[in-house]
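Chemist: Quick one: the structure is below, and I'll ask about it shortly.
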Amino acid sequence: GAVVSQHPSWVICKSGTSVKIECRSLDFQATTMFWYRQFPKQSLMLMATSNEGSKATYEQGVEKDKFLINHASLTLSTLTVTSAHPEDSSFYICSATGASGSGDTQYFGPGTRLTVL
Amino acid sequence: DQQVKQNSPSLSVQEGRISILNCDYTNSMFDYFLWYKKYPAEGPTFLISISSIKDKNEDGRFTVFLNKSAKHLSLHIVPSQPGDSAVYFCAASEGAVKLIFGTGTRLQVFP
C-alpha cells in the first residue's frame, strides 16, 4: 500500500515551453501532497504544499506563477513548469500523506527528471 | 541555513557489520524525525520514523535513536547487506507536516 506514481518519469523540452508533471496516489486518498526539487548531489527542497481543492502554499523563493500547482482531487496533483528555462532542469519529486494507518508519513513518487534545452 | 545536517557524505561498511548513519538538527521545535532511503533517479522510500517523545524505535534491522539534548539522531542497520547500498536522508518536521531534509549520506555495503 501507499503507492505514489509520477508521470512522466523524464521529459526533455525546449526553453520557453511549459511542462506538466502529474502525481497520483494509487491506493489511498491523499489529504496533502508535496512537491520537492532535487539538484544533483543536493538535498530535497520543498517547493510547495497543496491540499485538495485549495491553493498551494509555496516556500519562500519559489515563484508561484512559474510553478503552477493544481490539486483537483484527493488522488491527483499536477505541477506545471511554465516557460521553462535551463536552470529549471532538475529532479522533481512529489509526496503524499493520508495513507491509512500511516499518520502523516510522506510517501514519495519515483520522481520526474526535467531537462530544459 | 541548513537546519538538518548529515556531516558524512559517504560511509563504507562490510557486509554483516553495523552501519551507523548520523544526523544533527538545529531547530528544537522539530518533533518528528524520519529516515528515507533513495536510489539514483528514484523517489525516497520511507524506512523508519521516531517522534520526539521517544528515544528509540526499532523495525527489523533498522533502529533509530534520538538524543534530544544533543539534537542528534542516528540510524543503525544491523546486519548490513549489499542491498542496503543507497543514499540515506534524514528528515525532520515540526508538527509532522513540512519535512526538512538533510543532504544525505551515501552508504556502500561491500562483501
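Order determines the names: the first chain of the C-alpha cells is A, the second B, and so forth; residues in each chain are numbered 1 upward, and ligands are numbered 1 upward as they are shown.
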Write down, as a list in words, each residue of chain A that has any atom within 6 Å of an atom of chain B, counting only C-alpha atoms.

Modeler: Gln42, Ser43, Asp104, Phe108, Gly109, Pro110 and Gly111 of chain A

Chemist: Those selected residues, please, written with N, CA and C atoms and delivered as a short mmCIF file (atom, residue, chain, number, x, y, z; two decimals), in the first residue's frame.

Modeler:
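Saved file out_20.cif follows:
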data_model
loop_
_atom_site.label_atom_id
_atom_site.label_comp_id
_atom_site.auth_asym_id
_atom_site.auth_seq_id
_atom_site.Cartn_x
_atom_site.Cartn_y
_atom_site.Cartn_z
N GLN A 42 22.47 17.31 -4.05
CA GLN A 42 21.93 18.18 -3.02
C GLN A 42 20.71 17.53 -2.37
N SER A 43 20.22 18.16 -1.34
CA SER A 43 19.08 17.62 -0.62
C SER A 43 17.78 17.90 -1.37
N ASP A 104 1.04 10.93 9.37
CA ASP A 104 1.49 11.98 8.47
C ASP A 104 2.75 11.58 7.70
N PHE A 108 6.67 8.93 -1.21
CA PHE A 108 7.17 9.66 -2.37
C PHE A 108 6.93 8.93 -3.67
N GLY A 109 6.75 9.73 -4.71
CA GLY A 109 6.72 9.20 -6.05
C GLY A 109 8.12 8.91 -6.54
N PRO A 110 8.25 8.32 -7.71
CA PRO A 110 9.57 7.96 -8.24
C PRO A 110 10.34 9.14 -8.81
N GLY A 111 9.70 10.28 -8.94
CA GLY A 111 10.40 11.46 -9.45
C GLY A 111 10.28 11.63 -10.95
#

Chemist: Mind listing the strand (DSSP E) residues of range 4-39 of chain A, per DSSP on the backbone, as a PyMOL selection string?

Modeler: chain A and resi 4-7+10-13+19-25+32-38

Chemist: Of the candidates A:Asn70, A:Thr105, A:Gln38, A:Thr57, which one gets nearest to Phe91 in chain A if we count only C-alpha atoms?

Modeler: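 Of the candidates, the smallest distance to Phe91 in chain A is held by A:Gln38.
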
Chemist: Expressed in Å to a single decimal, how great is the separation between CA of Phe67 in chain A and CA of Val81 in chain A?

Modeler: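 Between these atoms lies a distance of 4.9 Å.
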
Chemist: Could you pull the residues within 12 Å of range 62-64 of chain A, counting only C-alpha atoms, minus those fewer than 2 positions along the same chain, as a PDB file with C-alpha atoms, in the first residue's frame?

Modeler:
ATOM      1  CA  TRP A  35       6.334  18.955  -4.394  1.00  0.00           C
ATOM      2  CA  TYR A  36      10.094  18.805  -3.985  1.00  0.00           C
ATOM      3  CA  ARG A  37      13.034  19.578  -6.209  1.00  0.00           C
ATOM      4  CA  MET A  45      13.983  21.047  -1.201  1.00  0.00           C
ATOM      5  CA  LEU A  46      10.310  21.539  -0.556  1.00  0.00           C
ATOM      6  CA  MET A  47       8.705  23.769  -3.170  1.00  0.00           C
ATOM      7  CA  ALA A  48       5.060  23.776  -2.161  1.00  0.00           C
ATOM      8  CA  THR A  49       2.359  22.054  -0.176  1.00  0.00           C
ATOM      9  CA  LYS A  55      -4.471  26.916  -3.255  1.00  0.00           C
ATOM     10  CA  ALA A  56      -0.972  25.614  -2.770  1.00  0.00           C
ATOM     11  CA  THR A  57       1.320  27.092  -0.170  1.00  0.00           C
ATOM     12  CA  TYR A  58       4.678  27.932  -1.678  1.00  0.00           C
ATOM     13  CA  GLU A  59       8.010  28.010   0.114  1.00  0.00           C
ATOM     14  CA  GLN A  60       9.991  31.194   0.221  1.00  0.00           C
ATOM     15  CA  LYS A  66       6.210  29.818 -12.623  1.00  0.00           C
ATOM     16  CA  PHE A  67       5.421  26.602 -10.800  1.00  0.00           C
ATOM     17  CA  LEU A  68       1.664  26.155 -11.049  1.00  0.00           C
ATOM     18  CA  ILE A  69       0.189  23.531  -8.773  1.00  0.00           C
ATOM     19  CA  ASN A  70      -3.284  22.123  -9.148  1.00  0.00           C
ATOM     20  CA  LEU A  79       2.914  20.683 -11.235  1.00  0.00           C
ATOM     21  CA  THR A  80       3.270  22.821 -14.342  1.00  0.00           C
ATOM     22  CA  VAL A  81       6.608  24.454 -15.002  1.00  0.00           C
ATOM     23  CA  THR A  82       5.712  27.439 -17.153  1.00  0.00           C
ATOM     24  CA  ASP A  88      14.744  24.719 -14.134  1.00  0.00           C
TER      25      ASP A  88
END

Chemist: Would you list the contacts of Val3 in chain A as a list in words, taking every protein, DNA or RNA residue within 12 Å and counting only C-alpha atoms, but skipping same-chain residues closer than 5 positions in sequence?

Modeler: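 The contact residues come out as Cys23, Arg24, Ser25, Leu26, Asp27, Phe28, Gln29, Ala30, Thr75, Cys94, Ser95, Ala96, Thr97, Gly98, Ala99, Ser100, Gln106, Tyr107, Phe108, Gly109 and Pro110 of chain A; Gly43, Pro44, Thr45 and Phe46 of chain B.
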